[in-house]
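So this one's coords_19.cif, mmCIF, C-alpha atoms and all ligand atoms:
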data_protein
loop_
_atom_site.label_atom_id
_atom_site.label_comp_id
_atom_site.auth_asym_id
_atom_site.auth_seq_id
_atom_site.Cartn_x
_atom_site.Cartn_y
_atom_site.Cartn_z
CA GLU A 1 -27.49 -35.25 31.90
CA GLY A 2 -26.83 -35.38 28.21
CA GLY A 3 -28.44 -32.10 27.50
CA VAL A 4 -30.04 -29.99 30.19
CA GLY A 5 -27.08 -27.65 30.55
CA GLY A 6 -25.43 -28.58 27.30
CA ILE A 7 -21.71 -29.22 26.92
CA VAL A 8 -20.00 -28.03 30.08
CA ILE A 9 -16.87 -25.92 29.63
CA LYS A 10 -14.95 -25.95 32.92
CA ASP A 11 -13.63 -22.84 34.65
CA ASP A 12 -10.03 -23.79 33.95
CA TRP A 13 -10.53 -24.33 30.21
CA PRO A 14 -7.72 -22.24 28.61
CA GLY A 15 -9.08 -22.38 25.07
CA TYR A 16 -6.91 -22.96 22.02
CA ARG A 17 -3.97 -20.81 20.87
CA MET A 18 -5.10 -18.37 18.19
CA ASP A 19 -2.44 -19.51 15.72
CA LEU A 20 -3.92 -23.02 15.61
CA PHE A 21 -6.88 -21.66 13.64
CA THR A 22 -7.63 -19.11 10.96
CA TYR A 23 -9.33 -15.84 11.80
CA PRO A 24 -9.43 -12.30 10.38
CA GLU A 25 -5.97 -10.71 10.36
CA HIS A 26 -7.36 -7.41 11.69
CA TYR A 27 -8.08 -9.05 15.04
CA SER A 28 -4.63 -10.56 15.51
CA GLU A 29 -3.80 -8.61 18.67
CA ASP A 30 -7.29 -8.42 20.03
CA LEU A 31 -8.05 -11.98 21.06
CA GLU A 32 -6.81 -14.14 23.91
CA CYS A 33 -7.79 -17.56 22.64
CA VAL A 34 -10.24 -19.58 20.57
CA TYR A 35 -12.72 -20.68 23.19
CA LEU A 36 -15.14 -22.66 21.02
CA PRO A 37 -14.05 -23.39 17.45
CA HIS A 38 -16.63 -22.85 14.73
CA GLY A 39 -16.80 -26.56 13.95
CA ILE A 40 -17.95 -27.65 17.39
CA ILE A 41 -20.51 -24.84 17.46
CA MET A 42 -21.95 -26.21 14.23
CA ASP A 43 -21.91 -29.81 15.42
CA ARG A 44 -23.64 -28.94 18.66
CA THR A 45 -26.20 -26.80 16.81
CA GLU A 46 -27.00 -29.73 14.55
CA ARG A 47 -27.85 -31.83 17.59
CA LEU A 48 -29.98 -29.06 19.12
CA ALA A 49 -31.89 -28.95 15.85
CA ARG A 50 -32.63 -32.65 16.20
CA ASN A 51 -33.79 -32.26 19.80
CA ILE A 52 -36.08 -29.44 18.70
CA MET A 53 -37.44 -31.56 15.83
CA ASP A 54 -38.07 -34.46 18.21
CA ASP A 55 -40.07 -32.21 20.53
CA LEU A 56 -41.79 -29.90 18.09
CA GLY A 57 -41.96 -31.85 14.83
CA ASP A 58 -45.42 -31.81 13.23
CA HIS A 59 -46.19 -28.46 14.81
CA ASP A 60 -46.17 -25.04 13.28
CA ILE A 61 -43.62 -22.86 14.98
CA VAL A 62 -42.56 -19.25 14.98
CA VAL A 63 -38.83 -18.90 15.46
CA LEU A 64 -38.11 -15.62 17.19
CA CYS A 65 -34.51 -14.64 16.57
CA VAL A 66 -33.05 -12.29 19.15
CA LEU A 67 -30.90 -9.75 17.34
CA LYS A 68 -28.26 -8.81 16.88
CA GLY A 69 -26.10 -11.45 18.57
CA GLY A 70 -28.45 -14.31 17.77
CA TYR A 71 -28.47 -14.00 14.00
CA GLN A 72 -25.74 -16.52 13.22
CA PHE A 73 -26.92 -19.17 15.67
CA CYS A 74 -30.50 -18.70 14.52
CA ALA A 75 -29.57 -18.94 10.83
CA ASP A 76 -27.53 -22.10 11.37
CA LEU A 77 -30.14 -23.68 13.65
CA VAL A 78 -32.93 -22.97 11.17
CA GLU A 79 -30.79 -24.40 8.38
CA TYR A 80 -30.27 -27.66 10.30
CA ILE A 81 -33.97 -27.86 11.16
CA LYS A 82 -34.82 -27.38 7.46
CA THR A 83 -32.47 -30.19 6.47
CA LEU A 84 -33.98 -32.52 9.08
CA SER A 85 -37.46 -31.57 7.99
CA ARG A 86 -36.66 -32.35 4.32
CA ASN A 87 -35.17 -35.70 5.21
CA SER A 88 -37.78 -37.02 7.59
CA ASN A 89 -41.46 -37.73 7.77
CA LYS A 90 -41.96 -34.92 10.19
CA SER A 91 -42.55 -31.58 8.62
CA LEU A 92 -42.45 -28.54 10.71
CA LEU A 93 -43.78 -25.35 9.25
CA MET A 94 -41.53 -22.53 10.34
CA ARG A 95 -41.95 -18.83 10.35
CA VAL A 96 -38.98 -16.71 11.30
CA ASP A 97 -39.37 -13.40 13.05
CA PHE A 98 -36.93 -11.01 14.62
CA ILE A 99 -36.71 -8.95 17.73
CA ARG A 100 -33.89 -6.67 18.66
CA LEU A 101 -32.61 -6.22 22.18
CA LYS A 102 -29.82 -4.09 23.47
CA SER A 103 -28.47 -4.11 27.01
CA TYR A 104 -24.69 -4.05 26.85
CA LEU A 105 -22.17 -1.21 26.76
CA ASN A 106 -18.53 -2.30 26.50
CA ASP A 107 -18.54 -5.58 28.43
CA GLN A 108 -21.01 -4.50 31.07
CA SER A 109 -24.68 -5.31 31.24
CA THR A 110 -26.74 -2.15 31.68
CA GLU A 111 -30.03 -1.92 33.49
CA HIS A 112 -31.86 -0.63 30.47
CA LEU A 113 -33.21 -3.26 28.16
CA HIS A 114 -34.46 -1.90 24.88
CA ILE A 115 -36.82 -3.98 22.83
CA VAL A 116 -36.74 -2.76 19.25
CA GLY A 117 -39.23 -3.92 16.65
CA ALA A 118 -41.57 -5.36 19.26
CA GLU A 119 -44.74 -3.84 17.86
CA ASP A 120 -45.70 -6.53 15.36
CA LEU A 121 -45.38 -9.56 17.65
CA SER A 122 -49.12 -10.18 17.41
CA VAL A 123 -48.15 -12.99 15.00
CA LEU A 124 -47.19 -14.93 18.12
CA ASN A 125 -50.79 -15.18 19.27
CA GLY A 126 -51.79 -18.83 19.66
CA LYS A 127 -48.50 -20.04 18.15
CA ASN A 128 -45.69 -22.31 19.31
CA VAL A 129 -42.78 -19.96 19.76
CA LEU A 130 -39.10 -20.85 19.78
CA ILE A 131 -36.99 -17.97 21.07
CA VAL A 132 -33.43 -18.22 19.78
CA GLU A 133 -30.75 -16.41 21.77
CA ALA A 134 -26.98 -16.52 21.43
CA ILE A 135 -26.13 -16.10 25.10
CA VAL A 136 -27.77 -16.03 28.49
CA ASP A 137 -25.70 -14.33 31.16
CA THR A 138 -27.60 -13.16 34.25
CA GLY A 139 -30.85 -14.25 32.62
CA LYS A 140 -32.35 -10.79 33.02
CA THR A 141 -32.78 -10.32 29.29
CA MET A 142 -34.44 -13.68 28.83
CA LYS A 143 -36.78 -13.08 31.74
CA ALA A 144 -37.85 -9.70 30.40
CA LEU A 145 -38.26 -11.10 26.91
CA LEU A 146 -40.34 -14.05 28.09
CA LYS A 147 -42.59 -11.70 30.00
CA HIS A 148 -42.98 -9.57 26.90
CA VAL A 149 -43.67 -12.54 24.62
CA GLU A 150 -46.26 -13.96 27.04
CA THR A 151 -48.35 -10.81 26.66
CA PHE A 152 -49.06 -11.89 23.07
CA ARG A 153 -50.63 -15.12 24.36
CA PRO A 154 -48.64 -17.75 22.47
CA LYS A 155 -49.70 -21.40 22.81
CA MET A 156 -46.25 -22.50 23.94
CA VAL A 157 -42.85 -20.90 24.39
CA LYS A 158 -39.50 -22.69 24.24
CA VAL A 159 -36.07 -21.10 24.37
CA ALA A 160 -32.88 -22.18 22.62
CA GLY A 161 -29.67 -20.61 23.89
CA LEU A 162 -26.31 -21.40 22.37
CA LEU A 163 -24.35 -20.31 25.44
CA VAL A 164 -25.34 -20.12 29.08
CA LYS A 165 -22.93 -18.58 31.55
CA ARG A 166 -22.40 -20.06 34.97
CA VAL A 167 -23.08 -17.04 37.10
CA ALA A 168 -23.35 -16.87 40.87
CA ASN A 169 -26.57 -14.92 41.03
CA GLY A 170 -28.26 -16.26 37.95
CA VAL A 171 -31.88 -15.20 38.15
CA GLY A 172 -34.13 -16.53 35.43
CA SER A 173 -34.73 -20.03 34.22
CA LEU A 174 -32.47 -22.04 31.94
CA PRO A 175 -33.27 -22.26 28.22
CA ASP A 176 -34.98 -25.49 27.14
CA TYR A 177 -32.18 -26.14 24.66
CA VAL A 178 -28.63 -25.24 25.66
CA GLY A 179 -25.56 -25.52 23.46
CA PHE A 180 -22.79 -24.91 25.96
CA GLU A 181 -22.50 -23.95 29.59
CA ILE A 182 -19.49 -21.64 29.90
CA PRO A 183 -17.59 -19.86 32.70
CA ASN A 184 -18.28 -16.22 33.41
CA ARG A 185 -15.98 -14.72 30.76
CA PHE A 186 -16.80 -12.19 28.08
CA VAL A 187 -16.80 -13.91 24.70
CA VAL A 188 -17.06 -12.61 21.15
CA GLY A 189 -17.45 -14.00 17.65
CA TYR A 190 -20.09 -16.04 15.82
CA ALA A 191 -22.16 -12.82 15.74
CA LEU A 192 -21.46 -11.95 19.38
CA ASP A 193 -19.98 -8.48 19.54
CA TYR A 194 -18.01 -6.10 21.67
CA ASN A 195 -19.33 -2.66 20.74
CA GLU A 196 -20.29 -4.02 17.30
CA TYR A 197 -16.85 -5.50 16.58
CA PHE A 198 -16.02 -9.21 16.22
CA ARG A 199 -19.28 -10.22 14.57
CA ASP A 200 -17.11 -11.07 11.54
CA LEU A 201 -15.28 -13.81 13.44
CA ASN A 202 -16.50 -17.39 13.07
CA HIS A 203 -15.08 -18.91 16.24
CA ILE A 204 -16.20 -17.92 19.72
CA CYS A 205 -13.17 -16.30 21.33
CA VAL A 206 -12.10 -14.51 24.48
CA ILE A 207 -11.19 -10.89 23.85
CA SER A 208 -7.78 -9.67 25.04
CA GLU A 209 -7.20 -6.68 27.30
CA ARG A 210 -5.76 -4.89 24.29
CA GLY A 211 -8.88 -5.64 22.30
CA LYS A 212 -11.10 -4.30 25.08
CA ILE A 213 -9.18 -1.03 25.11
CA LYS A 214 -8.94 -0.73 21.33
CA TYR A 215 -12.70 -0.99 20.77
CA LYS A 216 -13.91 0.74 23.92
CA ILE A 217 -16.39 3.58 23.48
P1 LIG A 301 -28.28 -11.10 30.56
O1 LIG A 301 -29.50 -10.24 30.59
O2 LIG A 301 -28.58 -12.57 30.53
O3 LIG A 301 -27.31 -10.74 31.64
O4 LIG A 301 -27.49 -10.71 29.27
C1 LIG A 301 -27.78 -11.25 28.08
C2 LIG A 301 -27.26 -10.40 26.95
O5 LIG A 301 -26.02 -9.78 27.26
C3 LIG A 301 -27.02 -11.25 25.78
O6 LIG A 301 -28.16 -11.32 24.97
C4 LIG A 301 -25.85 -10.56 25.11
O7 LIG A 301 -26.34 -9.57 24.24
C5 LIG A 301 -25.11 -9.90 26.22
N1 LIG A 301 -23.95 -10.69 26.69
C6 LIG A 301 -23.85 -11.34 27.87
N2 LIG A 301 -22.67 -11.95 28.00
C7 LIG A 301 -22.00 -11.70 26.86
C8 LIG A 301 -20.69 -12.08 26.38
O8 LIG A 301 -19.91 -12.79 27.00
N3 LIG A 301 -20.36 -11.62 25.15
C9 LIG A 301 -21.19 -10.83 24.40
N4 LIG A 301 -20.73 -10.43 23.21
N5 LIG A 301 -22.41 -10.46 24.82
C10 LIG A 301 -22.81 -10.89 26.03
#

Here is a file; write its structure as structure tokens.
Amino acid sequence: EGGVGGIVIKDDWPGYRMDLFTYPEHYSEDLECVYLPHGIIMDRTERLARNIMDDLGDHDIVVLCVLKGGYQFCADLVEYIKTLSRNSNKSLLMRVDFIRLKSYLNDQSTEHLHIVGAEDLSVLNGKNVLIVEAIVDTGKTMKALLKHVETFRPKMVKVAGLLVKRVANGVGSLPDYVGFEIPNRFVVGYALDYNEYFRDLNHICVISERGKIKYKI
């Protein structure tokens, strides 16, 4: 309780009406609802940063940001960790590295997981690694990534995931730090995309049927 699975969003959560918030005009017909407003994402991220500091403070860590979807969460999480580090007696030396994964086409997970920019991960050798991912769905991506990271012999590996979907046949393990546990719905915004669209949306929203058709490739 209090953290393992993060804040639990129930299956019947309808989200908030779009017109209760601001969002880019060009997406006005493309979204169903605001599922997680930007403010609560930030507040939850701030707390995750503190949990991470409590566990890893006084260590050197390598933050491994999983692109592209993880860039916003990673940037905000790192920012909160920096603030905590400045304002406390713990100082955690952070390096930030990036890895790019691609597995989705439209709203379907594909079997092929591409790891781009994986060559120079030798910096992870002997280090405490914090993998930062925006969303864990089936867990296949995380499992493959963990396996890959382990080959570089890090001292320790922790995973922070902003969103974890409740899926029936979830395979892999849960991240060590979870922002929200959400129902099995396709969400966009806060750097999460649908065919590269919606990264310029600050709330996490549910895409509408019209939006799915409009940006299908
Ligand atoms: P998994 O391997 O866990 O099934 O899939 C994880 C990856 O699929 C994530 O890193 C993300 O790129 C993508 N993904 C899964 N669910 C969603 C979703 O609801 N919205 C978006 N935009 N991407 C998702």

task = Residues within 8 Å of ligand LIG 301 (chain A) should be enumerated using all atoms listed in the file and returned as a count of residues only.
result = 32

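The list of residues within 7 Å of (-30.5, -34.3, 11.9), counted using all atoms listed in the file, is Glu46, Arg47, Ala49, Arg50, Tyr80 and Leu84 of chain A.
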
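Between CA of His26 (chain A) and CA of Pro183 (chain A) the separation is 26.5 Å.
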
query = Neighbours of Val178 (chain A) within 6 Å (all atoms listed in the file; same-chain residues fewer than 4 positions away dropped), as a PyMOL selection string?
reply = chain A and resi 5-6+161-162

task = Return the single residue from A:Val206, A:Leu145, A:Val78, A:Ile131 that is closest to Pro37 (chain A), with distances computed using all atoms listed in the file.
result =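 So, comparing all the options, the nearest one is A:Val206.
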
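Between CA of Ile9 (chain A) and CA of Leu77 (chain A) lies a distance of 20.9 Å.
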
remark   = Between CA of His203 (chain A) and CA of Asp97 (chain A) lies a distance of 25.1 Å

message = I need the residue nearest Asn51 (chain A) from this list: A:Asp176, A:Asp200, A:Glu150, A:Glu32. Use all atoms listed in the file for the distance.
response =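 For Asn51 (chain A), the nearest of the given residues is A:Asp176.
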